[in-house]
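Down below is the structure, laid out as structure tokens.
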Amino acid sequence: MTITASIPAARVGDGYRWMQLTIGVICMVMIANLQYGWTFFVPDIQKKFGWDRAAIQWAFTLFVLFETWLVPIEGWFVDKYGPRIVVMFGGVLCGIGWVMNSYADSLSAFYLAQIIAGIGAGAVYGTCVGNALKWFPDKRGLAAGITAAGFGAGSALTVAPIQSMIATSGFQAAFFNFGIGQGIIIFVLAFVLLAPKPGQVPEVVANANIIQTRRNYGPVEVVKQPIFWLMYFMFVIVGAGGLMVTANLKPIAADLKIDTIPVTLMGVTMTAITFAATIDRVLNGLTRPFFGWVSDNIGRENTMFIAFAMEGIGIYMLYLWGHDPLWFVLLSGFVFFAWGEIYSLFPSTCTDTFGSKFAATNAGLLYTAKGTAALLVPFANYMQQGSGNWNTVFLIAAGANILASVLAIAVLKPWRKKVVAAALAN
């Protein structure tokens, strides 16, 4: 009998790794509108059907729930069968979901459409982030950040076109046309998306500031680790504030009576809501590779401390000065810049702690925290309706971010050192 040993594949060039990363980024750009474009549809849906705004926003919450809570299952398929089939499946569902939105005439129809779109978006998101973590063990923060930036900033170029199509052709036409176009592009790109084979990528980075394990934890082991649930809790309390603003940016501006007021910055004039939405998406994208790169150099927890504290301060300043159109634009951008990095820092920290073999599944488990955070979005609307303003919501969100910044440096950092040291000792 002849026994054939598994021979590691030859190392690939950096150009090939960056090509795989770029494909993932483009796929992420194609699903960005499913989350970040939703706020532009809400006023027209409410105007056409007369439904309560909080009831409409349950569609957003359902989208985020199904985008996140199924990612571990989708990640398991990626880890076992590769990224191609999962992304193709996701692209088809993304297109179907928005086409269904274009025909929906009841809340239940919107809810179902958003569930389908959420499953599709989660398949694409979880796959692309997990694949980036596998291709770049030497630059995990940066790679995850660049990939997540496609989702955060991907809708920036379509802010004006979507609003224009809604204004001229109606929100149903915008749902239909953008849904079809985005779905087709994802489906086609999936054919060239691959996972690395053993030996094709560098070993994990050796850096005194980066706490990385060389042990690979399976998903069942991960959920039994108390430190995982600390990261999960931090993800929830930071994620909730950003999701609340994402879903309600236009309604908040309208409630403050500044949404249609022109704002001029650097010689460019737009209405406050259009300017804020455009800047927010750009900064929400840039922050992910920026803070990912920072974390590759100074450590994940140190970066979390800085970013979460910035967001807490930014939200508090938005509470103080958000009624001014210029400050609304500037501060909402600052808040999104300090918020978006969670989508590079938490996946990187998770993979540093639990290994890369099951990166897509394990990072997907942590990513479900975004879905848990989304459950708080409708309650923010109920709080606003009860008080007539967003003050309490802003103050709670600011406090949650300050708490997370303290937990990162005072609890997560020393605890993770002990967990990784214990894994290396065994």
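Residue numbering restarts at 1 in every chain; chains get A, B, ... in the order shown in the structure tokens, and ligands count up from 1 in that same order.
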
- Who sits within 10 Å of Ile96 of chain A, only C-alpha atoms, same chain under 2 positions skipped, as a VMD selection string: chain A and resid 90 to 94 98 to 102 113 to 114 116 to 117 120 176 179 to 180 183

Go ahead and write the selection's residues with N, CA and C atoms as a short mmCIF file (atom, residue, chain, number, x, y, z; two decimals), in the first residue's frame.
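Saved to selection-v1.cif:
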```
data_model
loop_
_atom_site.label_atom_id
_atom_site.label_comp_id
_atom_site.auth_asym_id
_atom_site.auth_seq_id
_atom_site.Cartn_x
_atom_site.Cartn_y
_atom_site.Cartn_z
N GLY A 90 -25.40 33.79 -2.33
CA GLY A 90 -25.71 35.08 -1.72
C GLY A 90 -26.11 36.12 -2.73
N GLY A 91 -25.41 36.17 -3.87
CA GLY A 91 -25.73 37.16 -4.89
C GLY A 91 -27.14 36.99 -5.44
N VAL A 92 -27.55 35.74 -5.65
CA VAL A 92 -28.90 35.47 -6.14
C VAL A 92 -29.95 35.96 -5.14
N LEU A 93 -29.74 35.66 -3.86
CA LEU A 93 -30.72 36.07 -2.84
C LEU A 93 -30.76 37.58 -2.66
N CYS A 94 -29.62 38.25 -2.78
CA CYS A 94 -29.60 39.72 -2.67
C CYS A 94 -30.47 40.33 -3.76
N TRP A 98 -34.33 42.44 -3.08
CA TRP A 98 -34.69 43.81 -3.46
C TRP A 98 -35.75 43.85 -4.55
N VAL A 99 -35.78 42.86 -5.42
CA VAL A 99 -36.87 42.80 -6.40
C VAL A 99 -38.20 42.59 -5.68
N MET A 100 -38.20 41.76 -4.66
CA MET A 100 -39.42 41.56 -3.86
C MET A 100 -39.83 42.85 -3.16
N ASN A 101 -38.84 43.62 -2.68
CA ASN A 101 -39.16 44.92 -2.08
C ASN A 101 -39.89 45.83 -3.07
N SER A 102 -39.52 45.72 -4.33
CA SER A 102 -40.12 46.60 -5.35
C SER A 102 -41.59 46.29 -5.58
N ALA A 113 -39.04 40.01 2.27
CA ALA A 113 -38.03 40.42 1.30
C ALA A 113 -36.72 40.76 1.99
N GLN A 114 -36.80 41.45 3.12
CA GLN A 114 -35.58 41.84 3.84
C GLN A 114 -34.90 40.63 4.48
N ILE A 116 -34.85 37.61 3.11
CA ILE A 116 -34.15 36.96 2.00
C ILE A 116 -32.90 37.75 1.62
N ALA A 117 -33.03 39.08 1.53
CA ALA A 117 -31.87 39.92 1.23
C ALA A 117 -30.80 39.79 2.31
N GLY A 120 -28.82 36.59 1.93
CA GLY A 120 -27.87 36.75 0.83
C GLY A 120 -26.69 37.62 1.20
N PHE A 176 -35.88 47.69 -7.59
CA PHE A 176 -35.80 46.70 -8.67
C PHE A 176 -34.48 46.82 -9.43
N GLY A 179 -31.34 46.21 -7.27
CA GLY A 179 -31.31 44.81 -6.84
C GLY A 179 -30.81 43.89 -7.93
N ILE A 180 -31.32 44.05 -9.14
CA ILE A 180 -30.91 43.21 -10.26
C ILE A 180 -29.42 43.42 -10.58
N GLY A 183 -27.03 42.04 -7.78
CA GLY A 183 -27.04 40.58 -7.72
C GLY A 183 -26.25 39.94 -8.84
#
```

- Message: Report as a PyMOL selection string all protein, DNA and RNA residues lying within 6 Å of Gly130 of chain A, evaluated on only C-alpha atoms, omitting residues in the same chain fewer than 3 positions from it.
- Response: chain A and resi 126-127+133+359-360

Would you save the residues from that selection as an mmCIF file, in the first residue's frame, using C-alpha atoms?
```cif
data_model
loop_
_atom_site.group_PDB
_atom_site.id
_atom_site.type_symbol
_atom_site.label_atom_id
_atom_site.label_comp_id
_atom_site.auth_asym_id
_atom_site.auth_seq_id
_atom_site.Cartn_x
_atom_site.Cartn_y
_atom_site.Cartn_z
ATOM 1 C CA GLY A 126 -19.130 36.420 6.020
ATOM 2 C CA THR A 127 -17.397 34.709 3.114
ATOM 3 C CA LEU A 133 -8.470 36.672 7.162
ATOM 4 C CA ALA A 359 -11.858 31.724 10.645
ATOM 5 C CA ALA A 360 -15.030 32.116 8.565
#
```

- Item | From A:Thr39, A:Gly50, A:Val129, A:Ile227, residue lying nearest Lys418 of chain A [only C-alpha atoms] |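 Closest to Lys418 of chain A of all the choices is A:Ile227.
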
- Task: Could you give me, as a list of chain:residue names, the residues within 8 Å of Leu107 of chain A, counting only C-alpha atoms and dropping anything in the same chain fewer than 6 positions from it?
- Result: A:Ala55, A:Ile56, A:Ala59

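Between Asn389 of chain A and the residues A:Lys417, A:Leu365, A:Ala309, A:Leu256, the shortest atom-to-atom distance, using only C-alpha atoms, involves A:Leu256.
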
- A straight line from atom CA of Ala254 of chain A to atom CA of Leu376 of chain A spans 20.9 Å

- Message: DSSP on the backbone, alpha helix (DSSP H) only: what residues of segment 105-318 of chain A does that give? Format it as a PyMOL selection string.
- Response: chain A and resi 107-135+140-153+159-169+171-189+219-222+226-255+272-298+300-318

- So which residues touch Asp259 of chain A within 8 Å, counting only C-alpha atoms, skipping near sequence neighbours fewer than 3 positions away, as a ChimeraX atom specification? /A:250,253-254,256,271-273,325

Go ahead and write the selection's residues with N, CA and C atoms as a PDB file, in the first residue's frame.
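The result, written out as part.pdb:
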```
ATOM      1  N   LYS A 250     -31.808  59.728   8.033  1.00  0.00           N
ATOM      2  CA  LYS A 250     -32.726  60.696   7.424  1.00  0.00           C
ATOM      3  C   LYS A 250     -33.856  61.077   8.371  1.00  0.00           C
ATOM      4  N   ALA A 253     -32.491  63.561  10.921  1.00  0.00           N
ATOM      5  CA  ALA A 253     -32.324  64.888  10.322  1.00  0.00           C
ATOM      6  C   ALA A 253     -33.660  65.577  10.115  1.00  0.00           C
ATOM      7  N   ALA A 254     -34.672  64.799   9.710  1.00  0.00           N
ATOM      8  CA  ALA A 254     -36.006  65.371   9.502  1.00  0.00           C
ATOM      9  C   ALA A 254     -36.612  65.835  10.823  1.00  0.00           C
ATOM     10  N   LEU A 256     -35.008  66.829  13.392  1.00  0.00           N
ATOM     11  CA  LEU A 256     -34.279  68.024  13.798  1.00  0.00           C
ATOM     12  C   LEU A 256     -34.545  69.209  12.871  1.00  0.00           C
ATOM     13  N   THR A 271     -27.765  69.298   0.340  1.00  0.00           N
ATOM     14  CA  THR A 271     -28.634  69.337   1.516  1.00  0.00           C
ATOM     15  C   THR A 271     -27.932  68.597   2.643  1.00  0.00           C
ATOM     16  N   ALA A 272     -28.291  68.915   3.871  1.00  0.00           N
ATOM     17  CA  ALA A 272     -27.610  68.341   5.035  1.00  0.00           C
ATOM     18  C   ALA A 272     -27.657  66.816   5.016  1.00  0.00           C
ATOM     19  N   ILE A 273     -28.804  66.229   4.672  1.00  0.00           N
ATOM     20  CA  ILE A 273     -28.920  64.772   4.717  1.00  0.00           C
ATOM     21  C   ILE A 273     -28.085  64.125   3.621  1.00  0.00           C
ATOM     22  N   PRO A 325     -27.120  72.310  11.137  1.00  0.00           N
ATOM     23  CA  PRO A 325     -26.887  71.499   9.930  1.00  0.00           C
ATOM     24  C   PRO A 325     -25.423  71.179   9.672  1.00  0.00           C
TER      25      PRO A 325
END
```

- Item | Option closest in space to Thr147 of chain A, from A:Thr213, A:Gln384, A:Asn297, A:Thr22 [counting only C-alpha atoms] | A:Thr22

- Selection near Gln57 of chain A, 8 Å with only C-alpha atoms, sequence-local residues under 5 positions removed, as a list in words: Val42, Ala247, Val377 and Pro378 of chain A

- Task: For Phe233 of chain A, please output as a list in words all residues within 12 Å (counting only C-alpha atoms; exclusion window: fewer than 4 positions along the same chain).
- Result: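 These residues fall inside the cut-off: Pro226, Ile227, Phe228, Trp229, Ile237, Val238, Gly239, Ala240, Phe346, Leu366, Tyr367, Thr368, Ala369, Lys370, Thr372, Ala373, Ala400, Asn401, Leu403, Ala404, Leu407, Ala408 and Leu412 of chain A.
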